[in-house]
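Here's the structure, in C-alpha cells; my notes come after.
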Amino acid sequence: MLLSFFEWCDATALGAGVRNSMWLFPAIEAIHLLGLCVLGGSLLLVDLRLLGVGLKRQTISELADQAGRWLAGAIVVMAVTGILLFLSEAVKCYYNQSFWVKMTTLPIALLFTFTVRSRITHTGGIDTSVRTRLVGATSIALWFTVAAAGRWIGFSS
C-alpha cells in the first residue's frame, strides 16, 4: 500500500524534474545541508547550555529565544528541500532502511523539541539541573539520530 504512494511520488513532475536535472539535485542537497548546519548549530547551542557547557552567563531561556528563530527557519528550509529530494528518489527511499530510521525519529525529535525541551528551556534560569541535563542529552541523541540516518540515506542502497 505504501509502495504505491512512493511510486506516485517518484512519478510526479517535480520529482522527475529534480531527478533528471544535472544540477538541481546537488543544489537542493547543498541547501538542505546548509539547513542542517543551522539546525544543528541552533540546537547544540541550547542543548549544550542545558548540559551546563558554555554560555553560562546567559540564561537558558534567553539563549533558547535567540536560537529559536534560527531553529524554526532551518526546519522550514530542511522540510522544503527534504520533500524535493524525497520526490526525486521516493522508490529508492522506500527500500532504504536509513530513510525509515530518519522518518521514525524525526517526528519524535520534533515533538520532543517543541514540547518537553521548549517547556524546560522557557523555565530555565542560569543554573542547570539533572532535568536540564537529561533534556539536553536526549535532544542531542534524537537529532543526531535524525541527521546520521539522513546522511546515511545517500550511502546505502
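Identifiers for the C-alpha cells are assigned positionally: chains receive A, B, ... in sequence, residues are indexed from 1 per chain, and ligands are indexed from 1 in the order shown.
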**Request:** List the neighbours of A:Leu50 out to 7 Å using only C-alpha atoms; skip same-chain residues closer than 3 positions along the sequence, and give me the result as a count of residues only.
**Result:** 7
**Asked** For A:Leu142, which of A:Val116, A:Gly154, A:Met22, A:Ile108 is the closest residue, counting only C-alpha atoms?
**Response**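 Of the candidates, the smallest distance to A:Leu142 is held by A:Ile108.
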**Item:** Test item: residues at most 10 Å from A:Ile126, only C-alpha atoms, excluding those fewer than 5 positions along its chain, as a VMD selection string
**Value:** chain A and resid 49 to 50 52 55 to 62
Expected file: the selected residues, N, CA and C atoms, as an mmCIF file, in the first residue's frame:
```cif
data_model
loop_
_atom_site.group_PDB
_atom_site.id
_atom_site.type_symbol
_atom_site.label_atom_id
_atom_site.label_comp_id
_atom_site.auth_asym_id
_atom_site.auth_seq_id
_atom_site.Cartn_x
_atom_site.Cartn_y
_atom_site.Cartn_z
ATOM 1 N N ARG A 49 24.061 24.213 26.493
ATOM 2 C CA ARG A 49 23.768 25.072 27.649
ATOM 3 C C ARG A 49 22.937 24.310 28.668
ATOM 4 N N LEU A 50 21.990 23.502 28.195
ATOM 5 C CA LEU A 50 21.189 22.667 29.101
ATOM 6 C C LEU A 50 22.067 21.667 29.852
ATOM 7 N N GLY A 52 25.021 22.361 30.743
ATOM 8 C CA GLY A 52 25.906 23.136 31.610
ATOM 9 C C GLY A 52 27.249 23.438 30.973
ATOM 10 N N LEU A 55 28.440 29.305 27.599
ATOM 11 C CA LEU A 55 27.471 30.397 27.672
ATOM 12 C C LEU A 55 26.758 30.464 29.022
ATOM 13 N N LYS A 56 27.494 30.274 30.083
ATOM 14 C CA LYS A 56 26.894 30.159 31.415
ATOM 15 C C LYS A 56 26.400 31.482 31.987
ATOM 16 N N ARG A 57 26.783 32.609 31.375
ATOM 17 C CA ARG A 57 26.316 33.908 31.872
ATOM 18 C C ARG A 57 24.932 34.249 31.332
ATOM 19 N N GLN A 58 24.507 33.540 30.319
ATOM 20 C CA GLN A 58 23.206 33.786 29.710
ATOM 21 C C GLN A 58 22.214 32.751 30.243
ATOM 22 N N THR A 59 20.995 33.195 30.519
ATOM 23 C CA THR A 59 20.007 32.229 30.999
ATOM 24 C C THR A 59 19.634 31.282 29.861
ATOM 25 N N ILE A 60 19.170 30.122 30.244
ATOM 26 C CA ILE A 60 18.750 29.119 29.265
ATOM 27 C C ILE A 60 17.610 29.669 28.415
ATOM 28 N N SER A 61 16.664 30.351 29.042
ATOM 29 C CA SER A 61 15.514 30.868 28.289
ATOM 30 C C SER A 61 15.917 31.960 27.303
ATOM 31 N N GLU A 62 16.852 32.832 27.673
ATOM 32 C CA GLU A 62 17.321 33.862 26.730
ATOM 33 C C GLU A 62 17.971 33.219 25.512
#
```
Using only C-alpha atoms, what table do you get, as JSON lines, when you list each residue of stretch 107-148 of chain A with an atom no more than 12 Å from stretch 31-44 of chain A, its nearest pair of atoms, and their distance in Å rounded to one decimal, rows by chain then rising number?
```
{"residue": "A:Ala109", "atom": "CA", "partner": "A:Leu43", "partner_atom": "CA", "distance": 11.2}
{"residue": "A:Leu110", "atom": "CA", "partner": "A:Leu43", "partner_atom": "CA", "distance": 11.5}
{"residue": "A:Thr113", "atom": "CA", "partner": "A:Leu43", "partner_atom": "CA", "distance": 9.1}
{"residue": "A:Phe114", "atom": "CA", "partner": "A:Leu43", "partner_atom": "CA", "distance": 11.7}
{"residue": "A:Arg117", "atom": "CA", "partner": "A:Leu43", "partner_atom": "CA", "distance": 10.4}
{"residue": "A:Ser118", "atom": "CA", "partner": "A:Leu43", "partner_atom": "CA", "distance": 11.4}
{"residue": "A:Thr121", "atom": "CA", "partner": "A:Leu43", "partner_atom": "CA", "distance": 11.6}
{"residue": "A:Val135", "atom": "CA", "partner": "A:Leu43", "partner_atom": "CA", "distance": 11.8}
{"residue": "A:Gly136", "atom": "CA", "partner": "A:Leu44", "partner_atom": "CA", "distance": 8.7}
{"residue": "A:Ala137", "atom": "CA", "partner": "A:Leu44", "partner_atom": "CA", "distance": 10.1}
{"residue": "A:Thr138", "atom": "CA", "partner": "A:Leu43", "partner_atom": "CA", "distance": 11.6}
{"residue": "A:Ser139", "atom": "CA", "partner": "A:Leu43", "partner_atom": "CA", "distance": 8.1}
{"residue": "A:Ile140", "atom": "CA", "partner": "A:Leu44", "partner_atom": "CA", "distance": 7.2}
{"residue": "A:Ala141", "atom": "CA", "partner": "A:Leu44", "partner_atom": "CA", "distance": 10.9}
{"residue": "A:Leu142", "atom": "CA", "partner": "A:Leu43", "partner_atom": "CA", "distance": 11.0}
{"residue": "A:Trp143", "atom": "CA", "partner": "A:Gly40", "partner_atom": "CA", "distance": 8.0}
{"residue": "A:Phe144", "atom": "CA", "partner": "A:Gly40", "partner_atom": "CA", "distance": 8.7}
{"residue": "A:Thr145", "atom": "CA", "partner": "A:Gly40", "partner_atom": "CA", "distance": 11.9}
{"residue": "A:Val146", "atom": "CA", "partner": "A:Leu36", "partner_atom": "CA", "distance": 10.4}
{"residue": "A:Ala147", "atom": "CA", "partner": "A:Leu36", "partner_atom": "CA", "distance": 7.7}
{"residue": "A:Ala148", "atom": "CA", "partner": "A:Leu36", "partner_atom": "CA", "distance": 10.9}
```
**Request:** Using only C-alpha atoms, find the one residue out of A:Leu71, A:Val76, A:Leu85, A:Val91 that sits nearest to A:Pro26.
**Result:**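 Under the stated criterion, the closest residue is A:Leu85.
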**Prompt:** Hey, which of A:Ser88, A:Ser156, A:Thr104, A:Ser4 ends up closest to A:Glu29? Count only C-alpha atoms.
**Reply:** A:Ser88
**Message:** Ranking A:Ala13, A:Ala27, A:Leu51, A:Cys93 by minimum distance to A:Ser129 and counting only C-alpha atoms, which one comes first?
**Reply:**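 Of the candidates, the smallest distance to A:Ser129 is held by A:Leu51.
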**Request:** Identify which of the residues A:Met78, A:Leu134, A:Ala30, A:Ile83 lies closest to A:Asp10, counting only C-alpha atoms when measuring atom-to-atom distances.
**Result:**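 Among A:Met78, A:Leu134, A:Ala30, A:Ile83, it is A:Ile83 that comes nearest to A:Asp10.
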**Item:** Residues flagged alpha helix (DSSP H) by DSSP in chain A, as a VMD selection string
**Value:** chain A and resid 2 to 11 13 to 20 24 to 50 60 to 88 90 to 94 97 to 112 118 to 123 130 to 153
Go ahead and save the picked residues with C-alpha atoms, as a compact mmCIF listing (two decimals), in the first residue's frame.
```txt
# COMPACT_ATOMS: atom_id res chain seq x y z
CA LEU A 2 2.76 2.45 0.89
CA LEU A 3 4.82 1.38 -2.10
CA SER A 4 2.12 2.67 -4.49
CA PHE A 5 2.26 6.06 -2.74
CA PHE A 6 6.04 6.13 -3.05
CA GLU A 7 5.76 5.20 -6.74
CA TRP A 8 3.28 8.04 -7.25
CA CYS A 9 5.67 10.47 -5.51
CA ASP A 10 8.51 9.25 -7.70
CA ALA A 11 6.41 9.81 -10.84
CA ALA A 13 6.67 16.10 -12.45
CA LEU A 14 8.54 17.76 -9.59
CA GLY A 15 10.33 14.54 -8.69
CA ALA A 16 11.20 13.79 -12.30
CA GLY A 17 12.41 17.36 -12.81
CA VAL A 18 14.81 17.15 -9.88
CA ARG A 19 15.93 13.64 -10.82
CA ASN A 20 16.54 14.44 -14.48
CA LEU A 24 19.08 20.60 -9.43
CA PHE A 25 19.58 17.64 -7.06
CA PRO A 26 23.07 18.74 -5.93
CA ALA A 27 21.92 22.36 -5.50
CA ILE A 28 18.93 21.29 -3.39
CA GLU A 29 21.15 18.90 -1.41
CA ALA A 30 23.59 21.74 -0.71
CA ILE A 31 20.78 23.96 0.61
CA HIS A 32 19.49 21.02 2.65
CA LEU A 33 22.94 20.56 4.20
CA LEU A 34 23.22 24.28 4.96
CA GLY A 35 19.86 23.99 6.71
CA LEU A 36 21.25 21.04 8.65
CA CYS A 37 24.19 23.17 9.77
CA VAL A 38 21.91 25.96 11.01
CA LEU A 39 19.58 23.43 12.66
CA GLY A 40 22.47 21.66 14.34
CA GLY A 41 24.05 24.91 15.49
CA SER A 42 20.86 26.31 16.96
CA LEU A 43 20.08 23.03 18.70
CA LEU A 44 23.59 22.47 20.01
CA LEU A 45 23.89 25.98 21.46
CA VAL A 46 20.86 25.42 23.64
CA ASP A 47 21.40 21.71 24.31
CA LEU A 48 24.99 22.24 25.42
CA ARG A 49 23.77 25.07 27.65
CA LEU A 50 21.19 22.67 29.10
CA ILE A 60 18.75 29.12 29.27
CA SER A 61 15.51 30.87 28.29
CA GLU A 62 17.32 33.86 26.73
CA LEU A 63 19.52 31.57 24.68
CA ALA A 64 16.56 29.43 23.62
CA ASP A 65 14.64 32.51 22.49
CA GLN A 66 17.58 33.78 20.42
CA ALA A 67 18.28 30.39 18.85
CA GLY A 68 14.59 29.61 18.33
CA ARG A 69 14.22 31.81 15.26
CA TRP A 70 17.18 30.11 13.60
CA LEU A 71 15.81 26.70 14.55
CA ALA A 72 12.39 27.43 13.05
CA GLY A 73 13.90 28.80 9.84
CA ALA A 74 16.19 25.81 9.48
CA ILE A 75 13.29 23.39 9.94
CA VAL A 76 11.33 25.14 7.18
CA VAL A 77 14.34 25.06 4.81
CA MET A 78 15.01 21.41 5.56
CA ALA A 79 11.36 20.41 5.15
CA VAL A 80 11.03 22.09 1.75
CA THR A 81 14.34 20.78 0.41
CA GLY A 82 13.81 17.37 2.01
CA ILE A 83 10.47 16.93 0.26
CA LEU A 84 12.05 17.84 -3.08
CA LEU A 85 14.90 15.38 -2.52
CA PHE A 86 12.44 12.69 -1.45
CA LEU A 87 10.25 13.16 -4.52
CA SER A 88 13.26 12.66 -6.77
CA ALA A 90 10.96 8.11 -3.47
CA VAL A 91 11.07 4.45 -4.55
CA LYS A 92 14.74 4.23 -3.56
CA CYS A 93 13.76 5.68 -0.15
CA TYR A 94 11.03 3.08 0.27
CA GLN A 97 16.36 1.33 5.99
CA SER A 98 18.12 4.60 6.86
CA PHE A 99 15.19 6.53 5.41
CA TRP A 100 12.79 4.71 7.71
CA VAL A 101 15.02 5.32 10.75
CA LYS A 102 15.07 9.03 9.90
CA MET A 103 11.32 9.22 9.26
CA THR A 104 10.58 7.39 12.51
CA THR A 105 12.93 9.51 14.61
CA LEU A 106 12.14 12.89 13.00
CA PRO A 107 8.57 13.30 14.36
CA ILE A 108 9.76 12.14 17.79
CA ALA A 109 12.59 14.71 17.74
CA LEU A 110 10.26 17.48 16.57
CA LEU A 111 7.63 16.63 19.18
CA PHE A 112 10.26 16.43 21.93
CA SER A 118 10.59 24.03 24.93
CA ARG A 119 8.94 23.82 28.35
CA ILE A 120 12.28 23.25 30.07
CA THR A 121 14.12 25.99 28.17
CA HIS A 122 11.45 28.61 28.82
CA THR A 123 11.54 27.99 32.54
CA VAL A 130 19.68 16.86 36.39
CA ARG A 131 16.45 17.57 34.50
CA THR A 132 18.02 20.13 32.12
CA ARG A 133 20.97 17.81 31.51
CA LEU A 134 18.67 14.90 30.73
CA VAL A 135 16.63 17.01 28.30
CA GLY A 136 19.78 18.34 26.60
CA ALA A 137 21.28 14.87 26.23
CA THR A 138 18.01 13.42 24.92
CA SER A 139 17.68 16.23 22.39
CA ILE A 140 21.22 15.73 21.13
CA ALA A 141 20.68 11.96 20.83
CA LEU A 142 17.41 12.33 18.92
CA TRP A 143 18.67 14.95 16.48
CA PHE A 144 21.97 13.12 15.97
CA THR A 145 19.98 10.03 15.00
CA VAL A 146 17.89 12.04 12.52
CA ALA A 147 20.98 13.67 10.98
CA ALA A 148 23.07 10.49 10.85
CA ALA A 149 20.26 8.44 9.32
CA GLY A 150 19.61 11.22 6.81
CA ARG A 151 23.24 11.36 5.76
CA TRP A 152 23.37 7.57 5.53
CA ILE A 153 20.45 7.51 3.05
```
